[in-house]
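Next up, input_25.csv (CSV, C-alpha atoms and all ligand atoms):
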```
chain,number,residue,atom,x,y,z
A,1,MET,CA,50.4,77.5,161.5
A,2,THR,CA,48.2,76.7,164.4
A,3,THR,CA,48.5,73.3,166.1
A,4,SER,CA,45.3,71.6,167.2
A,5,PRO,CA,45.3,70.4,170.7
A,6,ALA,CA,46.3,66.8,171.2
A,7,PRO,CA,43.3,64.5,171.5
A,8,ALA,CA,42.6,63.7,175.1
A,9,ALA,CA,44.0,60.3,176.2
A,10,PRO,CA,41.2,57.8,176.8
A,11,ALA,CA,40.5,57.4,180.5
A,12,ALA,CA,42.3,54.3,181.8
A,13,ARG,CA,40.1,51.3,182.3
A,14,PRO,CA,40.0,50.6,186.0
A,15,ARG,CA,41.9,47.3,186.8
A,16,ILE,CA,39.8,44.9,188.8
A,17,VAL,CA,41.1,41.7,190.3
A,18,ALA,CA,38.4,39.1,190.8
A,19,LEU,CA,39.0,36.3,193.3
A,20,PRO,CA,36.2,33.8,192.8
A,21,GLY,CA,37.4,31.5,195.6
A,22,ASP,CA,35.5,28.4,196.7
A,23,GLY,CA,32.0,26.9,196.8
A,24,ILE,CA,29.4,29.4,195.5
A,25,GLY,CA,32.1,32.0,195.2
A,26,PRO,CA,32.7,31.4,191.4
A,27,GLU,CA,28.9,31.4,190.8
A,28,VAL,CA,28.2,34.7,192.5
A,29,VAL,CA,31.3,36.4,191.1
A,30,ALA,CA,30.5,35.4,187.5
A,31,SER,CA,27.0,37.0,188.0
A,32,ALA,CA,28.4,40.2,189.6
A,33,LEU,CA,31.0,40.6,186.8
A,34,GLN,CA,28.2,40.6,184.2
A,35,VAL,CA,26.6,43.4,186.1
A,36,LEU,CA,29.9,45.3,186.4
A,37,HIS,CA,30.6,45.0,182.6
A,38,ALA,CA,27.1,46.3,181.9
A,39,VAL,CA,27.8,49.6,183.7
A,40,GLY,CA,31.3,50.4,182.3
A,41,ASP,CA,34.5,49.4,180.8
A,42,PHE,CA,36.8,47.5,183.2
A,43,ALA,CA,39.8,45.3,182.8
A,44,VAL,CA,39.2,42.2,184.9
A,45,VAL,CA,41.7,39.5,185.7
A,46,GLU,CA,40.9,36.5,187.9
A,47,HIS,CA,43.3,35.0,190.4
A,48,PRO,CA,42.9,32.0,192.8
A,49,VAL,CA,42.4,32.4,196.6
A,50,GLY,CA,41.3,30.0,199.3
A,51,ALA,CA,41.0,26.3,198.8
A,52,ALA,CA,41.2,26.8,195.0
A,53,ALA,CA,44.6,28.4,195.5
A,54,ILE,CA,45.8,25.7,198.0
A,55,ASP,CA,44.9,23.1,195.4
A,56,ARG,CA,46.9,24.8,192.7
A,57,THR,CA,49.9,26.2,194.7
A,58,GLY,CA,49.7,24.9,198.3
A,59,GLN,CA,49.0,28.4,199.6
A,60,PRO,CA,45.7,30.2,200.3
A,61,LEU,CA,47.0,33.5,199.1
A,62,PRO,CA,49.7,32.9,196.5
A,63,PRO,CA,52.3,35.7,196.0
A,64,ASP,CA,51.0,36.3,192.4
A,65,THR,CA,47.4,36.8,193.7
A,66,LEU,CA,48.6,39.3,196.4
A,67,ALA,CA,50.8,41.2,194.0
A,68,ALA,CA,47.9,41.5,191.5
A,69,CYS,CA,45.5,42.7,194.3
A,70,ALA,CA,48.1,45.3,195.5
A,71,ALA,CA,48.4,46.7,192.0
A,72,ALA,CA,44.7,46.7,191.2
A,73,ASP,CA,42.2,49.6,191.5
A,74,ALA,CA,39.8,47.3,193.4
A,75,VAL,CA,39.4,43.7,194.3
A,76,LEU,CA,36.1,41.6,194.1
A,77,LEU,CA,36.1,38.4,196.2
A,78,GLY,CA,33.4,35.7,196.2
A,79,ALA,CA,34.1,33.5,199.2
A,80,VAL,CA,36.6,31.1,200.6
A,81,GLY,CA,36.4,27.9,202.6
A,82,THR,CA,35.3,24.3,202.2
A,83,GLY,CA,33.1,24.2,205.3
A,84,HIS,CA,35.4,21.7,207.2
A,85,GLN,CA,38.6,22.0,209.1
A,86,PRO,CA,41.7,20.1,207.9
A,87,ALA,CA,42.5,17.1,210.1
A,88,ASP,CA,46.2,18.3,210.3
A,89,PRO,CA,46.2,21.5,212.4
A,90,GLU,CA,49.4,22.6,210.5
A,91,ALA,CA,47.7,22.4,207.1
A,92,PRO,CA,47.0,25.7,205.3
A,93,ARG,CA,43.4,26.8,205.7
A,94,PRO,CA,41.4,28.6,203.0
A,95,GLU,CA,40.2,31.3,205.3
A,96,GLN,CA,43.9,32.4,205.9
A,97,GLY,CA,43.8,33.7,202.3
A,98,VAL,CA,41.2,36.4,203.0
A,99,LEU,CA,42.7,37.3,206.4
A,100,GLU,CA,46.2,37.7,204.9
A,101,LEU,CA,44.8,39.8,202.1
A,102,ARG,CA,42.9,42.2,204.4
A,103,ALA,CA,46.0,42.6,206.6
A,104,ALA,CA,48.4,43.0,203.7
A,105,LEU,CA,46.3,45.7,202.0
A,106,GLY,CA,45.8,47.5,205.3
A,107,LEU,CA,42.0,47.2,205.0
A,108,TYR,CA,41.1,48.0,208.6
A,109,ALA,CA,37.6,49.5,208.0
A,110,ASN,CA,34.9,47.0,207.0
A,111,LEU,CA,31.6,48.6,206.0
A,112,ARG,CA,28.6,46.3,206.1
A,113,PRO,CA,25.4,48.3,205.2
A,114,VAL,CA,22.0,46.8,206.0
A,115,ARG,CA,18.8,48.1,204.4
A,116,ALA,CA,15.4,46.5,204.9
A,117,LEU,CA,13.7,46.7,201.5
A,118,PRO,CA,9.9,47.1,201.6
A,119,ALA,CA,9.6,44.3,198.9
A,120,LEU,CA,11.2,41.8,201.2
A,121,ALA,CA,9.3,42.7,204.4
A,122,ALA,CA,7.6,39.3,204.3
A,123,ALA,CA,10.9,37.5,203.8
A,124,SER,CA,12.3,38.5,207.2
A,125,PRO,CA,11.5,36.4,210.2
A,126,LEU,CA,11.1,39.7,212.1
A,127,LYS,CA,7.7,41.5,212.2
A,128,PRO,CA,7.4,44.1,209.4
A,129,GLU,CA,6.9,46.9,211.9
A,130,ARG,CA,10.3,46.1,213.4
A,131,THR,CA,12.2,46.1,210.2
A,132,LYS,CA,10.4,49.0,208.5
A,133,GLY,CA,12.9,51.8,207.6
A,134,VAL,CA,16.0,50.0,208.8
A,135,ASP,CA,19.1,51.6,207.2
A,136,LEU,CA,22.2,50.9,209.3
A,137,ILE,CA,25.9,50.3,208.7
A,138,VAL,CA,28.1,48.0,210.7
A,139,VAL,CA,31.6,49.4,210.8
A,140,ARG,CA,33.8,46.4,211.8
A,141,GLU,CA,37.4,46.8,212.7
A,142,LEU,CA,39.0,44.2,210.4
A,143,THR,CA,42.8,43.8,211.0
A,144,GLY,CA,43.1,43.6,214.8
A,145,GLY,CA,41.7,41.8,217.8
A,146,LEU,CA,41.4,38.0,218.2
A,147,TYR,CA,41.8,37.3,214.5
A,148,PHE,CA,45.4,38.6,214.5
A,149,GLY,CA,46.6,38.2,218.1
A,150,ARG,CA,49.3,35.8,219.4
A,151,ARG,CA,48.0,32.2,219.4
A,152,ALA,CA,49.3,28.7,220.0
A,153,ARG,CA,48.0,25.3,220.4
A,154,THR,CA,49.3,22.0,221.8
A,155,ALA,CA,47.5,18.6,221.9
A,156,ASP,CA,46.1,19.7,225.3
A,157,ASP,CA,45.4,23.4,225.2
A,158,ALA,CA,45.2,26.4,222.9
A,159,TYR,CA,44.9,30.2,223.2
A,160,ASP,CA,44.1,33.1,221.0
A,161,THR,CA,44.8,36.6,222.3
A,162,CYS,CA,42.8,39.8,221.7
A,163,THR,CA,44.9,42.9,221.4
A,164,TYR,CA,44.0,46.4,220.4
A,165,THR,CA,46.1,49.6,220.3
A,166,VAL,CA,44.8,53.1,220.8
A,167,THR,CA,45.8,53.9,217.2
A,168,GLU,CA,43.8,51.0,215.8
A,169,ILE,CA,40.7,52.1,217.8
A,170,GLU,CA,41.0,55.8,216.9
A,171,ARG,CA,41.3,55.3,213.2
A,172,VAL,CA,38.2,53.0,212.9
A,173,THR,CA,36.3,55.4,215.2
A,174,ARG,CA,37.0,58.2,212.7
A,175,VAL,CA,35.7,56.1,209.9
A,176,ALA,CA,32.4,55.4,211.8
A,177,CYS,CA,32.0,59.1,212.6
A,178,GLU,CA,32.8,60.3,209.1
A,179,LEU,CA,30.1,57.9,207.8
A,180,ALA,CA,27.6,58.9,210.5
A,181,SER,CA,28.1,62.6,209.5
A,182,ARG,CA,27.3,62.1,205.8
A,183,THR,CA,24.1,63.3,204.2
A,184,GLY,CA,21.2,60.9,204.7
A,185,ARG,CA,22.6,59.4,208.0
A,186,ARG,CA,21.5,60.4,211.5
A,187,ALA,CA,24.9,61.3,213.1
A,188,ARG,CA,24.5,58.5,215.6
A,189,VAL,CA,27.2,56.0,216.5
A,190,THR,CA,26.6,53.0,218.7
A,191,SER,CA,29.8,51.5,219.9
A,192,VAL,CA,29.6,47.8,220.8
A,193,ASP,CA,32.0,46.2,223.2
A,194,LYS,CA,32.2,43.9,226.3
A,195,ALA,CA,33.6,46.5,228.7
A,196,ASN,CA,32.1,44.7,231.7
A,197,VAL,CA,34.6,41.9,231.1
A,198,LEU,CA,37.5,42.7,228.7
A,199,ASP,CA,40.4,45.1,229.1
A,200,THR,CA,40.5,45.5,225.3
A,201,SER,CA,36.8,46.6,225.5
A,202,ARG,CA,37.5,49.1,228.3
A,203,LEU,CA,40.3,50.6,226.2
A,204,TRP,CA,37.9,50.6,223.2
A,205,ARG,CA,35.2,52.4,225.1
A,206,GLU,CA,37.5,55.1,226.5
A,207,THR,CA,39.2,55.7,223.1
A,208,VAL,CA,35.9,55.9,221.2
A,209,THR,CA,34.5,58.3,223.8
A,210,ARG,CA,37.6,60.6,223.6
A,211,VAL,CA,37.7,60.7,219.8
A,212,VAL,CA,34.0,61.5,219.4
A,213,ALA,CA,34.1,64.2,222.1
A,214,ARG,CA,37.2,65.9,220.7
A,215,GLU,CA,36.7,65.5,217.0
A,216,TYR,CA,33.0,64.8,216.3
A,217,PRO,CA,31.0,66.6,219.0
A,218,HIS,CA,28.0,66.7,216.7
A,219,VAL,CA,27.8,62.8,216.7
A,220,ALA,CA,25.5,61.3,219.3
A,221,LEU,CA,27.5,58.4,220.8
A,222,ASP,CA,26.1,55.5,222.9
A,223,HIS,CA,27.7,52.3,224.0
A,224,LEU,CA,26.1,48.9,224.2
A,225,LEU,CA,27.5,45.6,225.6
A,226,VAL,CA,27.7,43.1,222.8
A,227,ASP,CA,25.1,40.7,224.3
A,228,THR,CA,22.6,43.5,224.6
A,229,ALA,CA,23.4,44.7,221.1
A,230,ALA,CA,22.7,41.2,219.7
A,231,MET,CA,19.3,41.3,221.3
A,232,ARG,CA,18.6,45.0,220.2
A,233,LEU,CA,19.5,44.2,216.6
A,234,VAL,CA,16.4,42.0,216.3
A,235,THR,CA,14.1,43.7,218.7
A,236,ASP,CA,14.7,47.3,217.6
A,237,PRO,CA,16.9,47.4,214.5
A,238,ALA,CA,15.6,50.8,213.4
A,239,SER,CA,17.2,52.4,216.4
A,240,PHE,CA,20.7,51.9,214.9
A,241,ASP,CA,22.5,54.3,212.5
A,242,VAL,CA,26.2,53.4,212.5
A,243,VAL,CA,27.3,50.4,214.6
A,244,LEU,CA,31.0,50.5,215.5
A,245,THR,CA,32.7,47.4,216.8
A,246,GLU,CA,35.8,45.2,216.9
A,247,ASN,CA,36.6,42.4,214.6
A,248,MET,CA,35.0,39.3,216.2
A,249,PHE,CA,31.9,41.1,217.4
A,250,GLY,CA,31.4,42.6,214.0
A,251,ASP,CA,31.7,39.3,212.3
A,252,ILE,CA,28.9,37.8,214.5
A,253,LEU,CA,26.6,40.8,214.6
A,254,SER,CA,26.8,41.3,210.8
A,255,ASP,CA,25.5,37.8,210.1
A,256,GLU,CA,22.7,38.5,212.5
A,257,THR,CA,21.6,41.4,210.4
A,258,ALA,CA,20.6,38.9,207.7
A,259,ALA,CA,17.5,38.4,209.8
A,260,ILE,CA,16.6,42.1,209.1
A,261,THR,CA,17.0,41.9,205.3
A,262,GLY,CA,15.5,38.4,204.9
A,263,SER,CA,18.7,36.6,203.8
A,264,LEU,CA,22.4,36.5,204.3
A,265,GLY,CA,22.7,36.2,200.5
A,266,LEU,CA,21.7,39.9,200.2
A,267,LEU,CA,24.4,41.5,202.3
A,268,PRO,CA,27.4,43.3,200.7
A,269,SER,CA,30.6,44.6,202.3
A,270,ALA,CA,33.5,47.0,201.5
A,271,SER,CA,36.9,46.7,203.2
A,272,LEU,CA,38.8,50.0,202.9
A,273,PRO,CA,42.1,51.5,204.0
A,274,GLY,CA,40.3,54.5,205.5
A,275,ALA,CA,37.0,56.4,205.4
A,276,PRO,CA,35.3,56.5,201.9
A,277,ASP,CA,36.4,59.7,200.1
A,278,PRO,CA,33.5,62.2,200.7
A,279,ASP,CA,34.0,63.5,197.2
A,280,GLY,CA,33.6,60.1,195.7
A,281,GLY,CA,37.3,59.8,194.9
A,282,ILE,CA,39.1,56.5,194.2
A,283,ARG,CA,40.0,54.5,197.3
A,284,GLY,CA,40.5,51.0,196.1
A,285,GLY,CA,39.7,48.2,198.5
A,286,LEU,CA,38.3,44.8,198.7
A,287,PHE,CA,34.6,44.1,198.1
A,288,GLU,CA,32.9,40.9,199.0
A,289,PRO,CA,29.5,39.6,200.2
A,290,VAL,CA,29.2,39.0,203.9
A,291,HIS,CA,28.3,35.3,203.4
A,292,GLY,CA,30.7,32.4,203.0
A,293,SER,CA,31.2,29.7,200.4
A,294,ALA,CA,27.8,27.9,201.3
A,295,PRO,CA,29.0,24.4,200.6
A,296,ASP,CA,25.5,23.1,201.2
A,297,ILE,CA,24.2,24.8,198.0
A,298,ALA,CA,27.4,25.1,195.9
A,299,GLY,CA,27.3,23.9,192.3
A,300,ARG,CA,23.5,23.9,192.1
A,301,GLY,CA,22.9,27.3,190.6
A,302,GLN,CA,20.7,28.3,193.6
A,303,ALA,CA,22.9,30.9,195.3
A,304,SER,CA,21.7,34.4,195.4
A,305,PRO,CA,24.4,36.6,193.7
A,306,LEU,CA,22.8,39.8,195.1
A,307,GLY,CA,25.2,40.2,198.0
A,308,THR,CA,28.1,40.2,195.4
A,309,VAL,CA,26.2,42.4,193.0
A,310,LEU,CA,25.6,44.9,195.8
A,311,SER,CA,29.3,44.6,196.7
A,312,VAL,CA,30.0,45.6,193.1
A,313,ALA,CA,27.9,48.7,193.8
A,314,LEU,CA,30.0,49.5,196.9
A,315,MET,CA,33.1,49.0,194.7
A,316,LEU,CA,31.8,51.4,192.2
A,317,ARG,CA,30.9,54.0,194.9
A,318,HIS,CA,33.8,53.7,197.4
A,319,GLY,CA,36.5,52.0,195.4
A,320,LEU,CA,36.3,53.5,191.9
A,321,GLY,CA,34.6,56.9,192.4
A,322,ARG,CA,31.6,56.1,190.2
A,323,PRO,CA,28.6,56.9,192.4
A,324,ALA,CA,26.1,57.1,189.5
A,325,ALA,CA,26.9,53.6,188.3
A,326,ALA,CA,26.6,52.4,192.0
A,327,ASP,CA,23.2,54.0,192.3
A,328,ALA,CA,22.1,52.3,189.0
A,329,VAL,CA,23.1,48.8,190.2
A,330,GLU,CA,21.4,49.3,193.5
A,331,ALA,CA,18.2,50.6,191.9
A,332,ALA,CA,18.3,47.6,189.4
A,333,VAL,CA,18.5,45.2,192.3
A,334,GLU,CA,15.5,46.9,194.0
A,335,ARG,CA,13.5,46.9,190.8
A,336,ALA,CA,14.1,43.2,190.2
A,337,LEU,CA,13.1,42.4,193.8
A,338,ASP,CA,10.0,44.7,193.5
A,339,ALA,CA,9.0,42.8,190.4
A,340,GLY,CA,9.0,39.5,192.5
A,341,LEU,CA,12.5,38.1,191.9
A,342,ARG,CA,13.1,35.5,194.7
A,343,THR,CA,15.9,32.9,195.0
A,344,PRO,CA,15.3,29.9,197.3
A,345,ASP,CA,16.8,31.7,200.4
A,346,LEU,CA,14.0,34.2,200.0
A,347,GLY,CA,11.3,31.5,199.5
A,348,GLY,CA,11.3,31.5,195.7
A,349,SER,CA,12.8,29.3,192.9
A,350,ALA,CA,14.8,31.8,190.9
A,351,THR,CA,18.3,30.5,189.9
A,352,THR,CA,21.5,32.4,190.1
A,353,ASP,CA,21.3,32.9,186.3
A,354,ASP,CA,17.6,34.1,186.5
A,355,THR,CA,18.7,36.6,189.1
A,356,THR,CA,21.6,37.9,186.9
A,357,ARG,CA,19.2,38.3,183.9
A,358,ALA,CA,16.6,40.1,186.0
A,359,VAL,CA,19.2,42.6,187.4
A,360,LEU,CA,20.6,43.2,183.9
A,361,ALA,CA,17.1,43.7,182.5
A,362,ALA,CA,16.3,46.2,185.2
A,363,LEU,CA,19.5,48.3,184.7
B,1,LIG,N1,34.4,36.0,203.4
B,1,LIG,C1,34.4,34.7,203.2
B,1,LIG,O1,35.0,34.2,202.3
B,1,LIG,C2,33.6,33.8,204.1
B,1,LIG,C3,32.6,34.3,204.9
B,1,LIG,C4,31.9,33.5,205.8
B,1,LIG,C5,32.2,32.1,205.8
B,1,LIG,N2,33.2,31.7,205.0
B,1,LIG,C6,33.5,30.2,205.0
B,1,LIG,O2,32.4,29.6,204.2
B,1,LIG,C7,32.4,28.2,204.6
B,1,LIG,C8,30.9,27.9,205.0
B,1,LIG,O3,30.5,28.6,206.1
B,1,LIG,P1,29.0,28.6,206.7
B,1,LIG,O4,28.3,27.5,206.1
B,1,LIG,O5,29.1,28.7,208.2
B,1,LIG,O6,28.4,30.0,206.2
B,1,LIG,P2,27.9,30.5,204.8
B,1,LIG,O7,27.7,32.0,204.9
B,1,LIG,O8,28.7,30.0,203.7
B,1,LIG,O9,26.4,29.8,204.8
B,1,LIG,C9,25.5,30.0,205.8
B,1,LIG,C10,24.0,29.6,205.3
B,1,LIG,O10,23.6,30.7,204.4
B,1,LIG,C11,23.3,30.2,203.1
B,1,LIG,N3,23.8,31.1,202.1
B,1,LIG,C12,25.0,31.8,202.2
B,1,LIG,N4,25.2,32.6,201.1
B,1,LIG,C13,24.1,32.4,200.4
B,1,LIG,C14,23.7,32.9,199.1
B,1,LIG,N5,24.5,33.8,198.4
B,1,LIG,N6,22.5,32.5,198.6
B,1,LIG,C15,21.7,31.7,199.3
B,1,LIG,N7,22.1,31.2,200.5
B,1,LIG,C16,23.2,31.5,201.0
B,1,LIG,C17,24.1,28.8,203.0
B,1,LIG,O11,23.4,28.0,202.1
B,1,LIG,C18,24.0,28.4,204.4
B,1,LIG,O12,22.8,27.7,204.7
B,1,LIG,C19,33.3,28.1,205.8
B,1,LIG,O13,34.5,27.5,205.3
B,1,LIG,C20,33.6,29.5,206.3
B,1,LIG,O14,34.9,29.7,206.9
B,1,LIG,C21,33.9,32.5,204.2
B,2,LIG,C1,36.0,33.6,206.4
B,2,LIG,C2,36.2,34.4,207.7
B,2,LIG,C3,37.6,34.5,208.0
B,2,LIG,C4,35.5,35.8,207.6
B,2,LIG,C5,35.7,36.5,208.9
B,2,LIG,O1,35.4,36.0,210.0
B,2,LIG,O2,36.0,37.7,208.8
B,2,LIG,C6,34.0,35.8,207.3
B,2,LIG,O3,33.2,35.1,208.3
B,2,LIG,C7,33.5,37.2,207.1
B,2,LIG,O4,32.6,37.6,207.7
B,2,LIG,O5,34.1,37.9,206.2
B,3,MG,MG,31.5,36.3,208.8
```
Write the structure described by the file as C-alpha cells, please.
Ligand SMILES: NC(=O)c1ccc[n+]([C@@H]2O[C@H](COP(=O)([O-])OP(=O)(O)OC[C@H]3O[C@@H](n4cnc5c(N)ncnc54)[C@H](O)[C@@H]3O)[C@@H](O)[C@H]2O)c1
Ligand SMILES: CC(C)[C@H](C(=O)O)[C@@H](O)C(=O)O
Ligand SMILES: [Mg+2]
Amino acid sequence: MTTSPAPAAPAARPRIVALPGDGIGPEVVASALQVLHAVGDFAVVEHPVGAAAIDRTGQPLPPDTLAACAAADAVLLGAVGTGHQPADPEAPRPEQGVLELRAALGLYANLRPVRALPALAAASPLKPERTKGVDLIVVRELTGGLYFGRRARTADDAYDTCTYTVTEIERVTRVACELASRTGRRARVTSVDKANVLDTSRLWRETVTRVVAREYPHVALDHLLVDTAAMRLVTDPASFDVVLTENMFGDILSDETAAITGSLGLLPSASLPGAPDPDGGIRGGLFEPVHGSAPDIAGRGQASPLGTVLSVALMLRHGLGRPAAADAVEAAVERALDAGLRTPDLGGSATTDDTTRAVLAAL
C-alpha cells in the first residue's frame, strides 16, 4: 500500500499587533488595516498605547501591549500624544509609550524613505526642478542619544545628556551602508552630525568613517554638519541618497523632508532591529507614519492615511518578507494620487475614507 504525502500545512497567518494610539492614530490605522487585509491574510489584534493606554491602565505602554508586540511578527502604530504636556512633571506621558517600545524591541534602525512623486510636484512648497527625482532614505539611530541619556530636573534647572557608544554607531552605520549598496540606490551615504561642537558627534564621525573605509569601501561617504544638512535638504534634496544620523537630528530632519513630498501625512517609517534582510526575509519591527497625532484635525475624517498605508508597505517588504504585496500597495497609492486624489494637507478635499476607497480601488 502506498501512502499519499500528508497535505502541506497552511502557511501560518502573520500575527500583526495594531496600536492605534491617540488623535488621528485610530483613523489612519483603520484605513491602513483595510489595505493590509486587501493584500493578504493576517491575524490582527489591537492594543492600547499612549494616552489611550494611560486612560485605561495608567501606563503609556502597558505590560500586555509590550508582550503582544514582542510576540508579534510585526507591529503597526498610528501615533501617540495629546499635543500638550501634563502639568505634573511626574505624570506619565503618552510619548514614553513609543520610546519604551522602540527600546524594548531593540529597534535601533529607523528607516524614513522620501520620494518626490511627479503627481505631487505642485503640492511641494519647493520648486519642481529642485524636488524632481528625489529618492532618499533617512536612517535615524533610534535607541540612543539625547532621547535615552541620563536626565533630571528640579524646579530651577534640568538636563538631558547625549551619549553614544562606538557599538551603537557602528551597527547603524552598517544598516545605512547595506541600504546604500542595494540595487537602485547610489552607494552614497551622507552622515550628519555636529562635530564642530559635540563630542558625541566627533565620535560619530570617526566611527562612521572607519566602518565605511574598512567594510564598505565602495560606498561614497561624506559628512555634513546638521545645520548645513537642514539647508541642503531643501536647496538640493536630489543630491542625497542615504542620510545617516543620530536620534534627535533624524527626528528633526525627517519632518523637514515633508517639504519635499508635499505633506508630512505622506511619510512612512520602519523601525528595525538591524538591516532589512537582502533576500526579503522576515525581520519583524515597528511600522508607523512619521507624523504625530495631529490633535488639530483629529476626529474630523480629514487626516491623510497615506503615511500609514505606506508604512504597511514597508511592513510587508521589510517585516513580513512580502515584497510583491509591498510593491502593489505603493503602486496603488501612486495610481490614486496620479488620478487626482488630494486630502486637505495636499490642497484637496478628499476625506480619510475617500482616500482608503481610492487606494483599495487602485490595488
Ligand atoms: N510617532 C508618534 O507617535 C508621534 C510623532 C510625532 C509627534 N507625536 C505627537 O503628536 C502630538 C502632536 O504633535 P505635532 O502637532 O507637533 O505634530 P503632528 O505631526 O501631529 O502634526 C503637525 C502638523 O501636520 C499635520 N498632519 C500630521 N499628520 C497628518 C496627516 N496624516 N494628514 C494631514 N495632516 C497631518 C497636523 O494637522 C499638524 O498641522 C504631540 O503630542 C507629539 O508628541 C507623536
Ligand atoms: C513622539 C516622539 C517621541 C517621536 C520621536 O521624537 O521619535 C516622533 O516625533 C517621531 O518622529 O517618531
Ligand atoms: Mg518626529
Name the residues within 9 Å of (20.5, 40.6, 197.7), counting all atoms listed in the file in the file's coordinates, and put them as a PDB file with C-alpha atoms, keeping the file's coordinate frame.
```pdb
ATOM      1  CA  THR A 261      17.000  41.900 205.300  1.00  0.00           C
ATOM      2  CA  SER A 263      18.700  36.600 203.800  1.00  0.00           C
ATOM      3  CA  LEU A 264      22.400  36.500 204.300  1.00  0.00           C
ATOM      4  CA  GLY A 265      22.700  36.200 200.500  1.00  0.00           C
ATOM      5  CA  LEU A 266      21.700  39.900 200.200  1.00  0.00           C
ATOM      6  CA  LEU A 267      24.400  41.500 202.300  1.00  0.00           C
ATOM      7  CA  PRO A 268      27.400  43.300 200.700  1.00  0.00           C
ATOM      8  CA  SER A 304      21.700  34.400 195.400  1.00  0.00           C
ATOM      9  CA  PRO A 305      24.400  36.600 193.700  1.00  0.00           C
ATOM     10  CA  LEU A 306      22.800  39.800 195.100  1.00  0.00           C
ATOM     11  CA  GLY A 307      25.200  40.200 198.000  1.00  0.00           C
ATOM     12  CA  THR A 308      28.100  40.200 195.400  1.00  0.00           C
ATOM     13  CA  VAL A 309      26.200  42.400 193.000  1.00  0.00           C
ATOM     14  CA  LEU A 310      25.600  44.900 195.800  1.00  0.00           C
ATOM     15  CA  VAL A 333      18.500  45.200 192.300  1.00  0.00           C
ATOM     16  CA  GLU A 334      15.500  46.900 194.000  1.00  0.00           C
ATOM     17  CA  LEU A 337      13.100  42.400 193.800  1.00  0.00           C
TER      18      LEU A 337
END
```
Answer as a PDB file with C-alpha atoms, in the coordinates of the input, residues within 9 Å of (27.1, 39.5, 186.7) using all atoms listed in the file:
```pdb
ATOM      1  CA  VAL A  28      28.200  34.700 192.500  1.00  0.00           C
ATOM      2  CA  VAL A  29      31.300  36.400 191.100  1.00  0.00           C
ATOM      3  CA  ALA A  30      30.500  35.400 187.500  1.00  0.00           C
ATOM      4  CA  SER A  31      27.000  37.000 188.000  1.00  0.00           C
ATOM      5  CA  ALA A  32      28.400  40.200 189.600  1.00  0.00           C
ATOM      6  CA  LEU A  33      31.000  40.600 186.800  1.00  0.00           C
ATOM      7  CA  GLN A  34      28.200  40.600 184.200  1.00  0.00           C
ATOM      8  CA  VAL A  35      26.600  43.400 186.100  1.00  0.00           C
ATOM      9  CA  LEU A  36      29.900  45.300 186.400  1.00  0.00           C
ATOM     10  CA  HIS A  37      30.600  45.000 182.600  1.00  0.00           C
ATOM     11  CA  ALA A  38      27.100  46.300 181.900  1.00  0.00           C
ATOM     12  CA  PRO A 305      24.400  36.600 193.700  1.00  0.00           C
ATOM     13  CA  THR A 308      28.100  40.200 195.400  1.00  0.00           C
ATOM     14  CA  VAL A 309      26.200  42.400 193.000  1.00  0.00           C
ATOM     15  CA  ASP A 353      21.300  32.900 186.300  1.00  0.00           C
ATOM     16  CA  THR A 356      21.600  37.900 186.900  1.00  0.00           C
ATOM     17  CA  ARG A 357      19.200  38.300 183.900  1.00  0.00           C
ATOM     18  CA  VAL A 359      19.200  42.600 187.400  1.00  0.00           C
ATOM     19  CA  LEU A 360      20.600  43.200 183.900  1.00  0.00           C
TER      20      LEU A 360
END
```
Let me have all residues with an atom within 7 Å of ligand LIG 2 (chain B), counting all atoms listed in the file, laid out as a JSON list (two decimals) with C-alpha atoms, in the frame of the given file.
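Saved the output as result03.json:
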```json
[["chain", "number", "residue", "atom", "x", "y", "z"],
["A", 80, "VAL", "CA", 36.60, 31.10, 200.60],
["A", 81, "GLY", "CA", 36.40, 27.90, 202.60],
["A", 95, "GLU", "CA", 40.20, 31.30, 205.30],
["A", 96, "GLN", "CA", 43.90, 32.40, 205.90],
["A", 98, "VAL", "CA", 41.20, 36.40, 203.00],
["A", 99, "LEU", "CA", 42.70, 37.30, 206.40],
["A", 251, "ASP", "CA", 31.70, 39.30, 212.30],
["A", 290, "VAL", "CA", 29.20, 39.00, 203.90],
["A", 291, "HIS", "CA", 28.30, 35.30, 203.40],
["A", 292, "GLY", "CA", 30.70, 32.40, 203.00]]
```
Per residue of range 215-295 of chain A within 10 Å of range 145-152 of chain A, which atom pair is closest and at what distance in Å (one decimal), using all atoms listed in the file, listed by chain and increasing number, as CSV?
```
residue,atom,partner,partner_atom,distance
A:Glu246,CA,A:Gly145,CA,6.9
A:Asn247,CA,A:Gly145,CA,6.1
A:Met248,CA,A:Leu146,CA,6.8
A:Phe249,CA,A:Gly145,CA,9.8
```
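CA of Thr173 in chain A sits 6.0 Å away from CA of Val208 in chain A.
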(request) Would you list the contacts of Leu136 in chain A as a ChimeraX atom specification, taking every protein, DNA or RNA residue within 7 Å and counting only C-alpha atoms, but skipping same-chain residues closer than 2 positions in sequence? (result) /A:113-115,134,138,240-242
(request) Check the smallest atom-to-atom distance from each of A:Leu111, A:Leu76, A:Ala238, A:Ala220 to Ser254 in chain A using only C-alpha atoms, then report the winner. (result)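 Counting only C-alpha atoms, the residue closest to Ser254 in chain A is A:Leu111.
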(request) Calculate how many Å separate CA of Asp227 in chain A from CA of Asp135 in chain A, rounding to one decimal. (result)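 Answer for the CA of Asp227 in chain A to CA of Asp135 in chain A separation: 21.1 Å.
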(message) From the options A:Ala298, A:Leu272, A:Ala43, A:Leu19, which residue's atoms come nearest to Gly319 in chain A, counting only C-alpha atoms?
(response) A:Leu272
(request) Tell me which protein, DNA and RNA residues are within 12 Å of Arg317 in chain A, counting all atoms listed in the file, leaving out same-chain ones fewer than 2 positions away, and put them as a PyMOL selection string. (result) chain A and resi 74+269-270+272+276-285+287+310-315+319-330
(request) Extract, using only C-alpha atoms, all DNA, RNA and protein residues at most 7 Å from Ile16 in chain A, discarding same-chain residues fewer than 5 positions from it, and format them as a list in words. (result) Phe42, Ala43, Val44, Val45, Ala72, Asp73, Ala74 and Val75 of chain A
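Excluding Arg335 in chain A and any residue on its chain fewer than 3 positions from it, the residues at most 8 Å away by only C-alpha atoms are Ala331, Ala332, Asp338, Ala339, Val359 and Ala362 of chain A.
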(request) Could you check which of A:Ala155, A:Leu286, A:Ala87, A:Ala358 is closest to Ala103 in chain A, using all atoms listed in the file? (result) A:Leu286
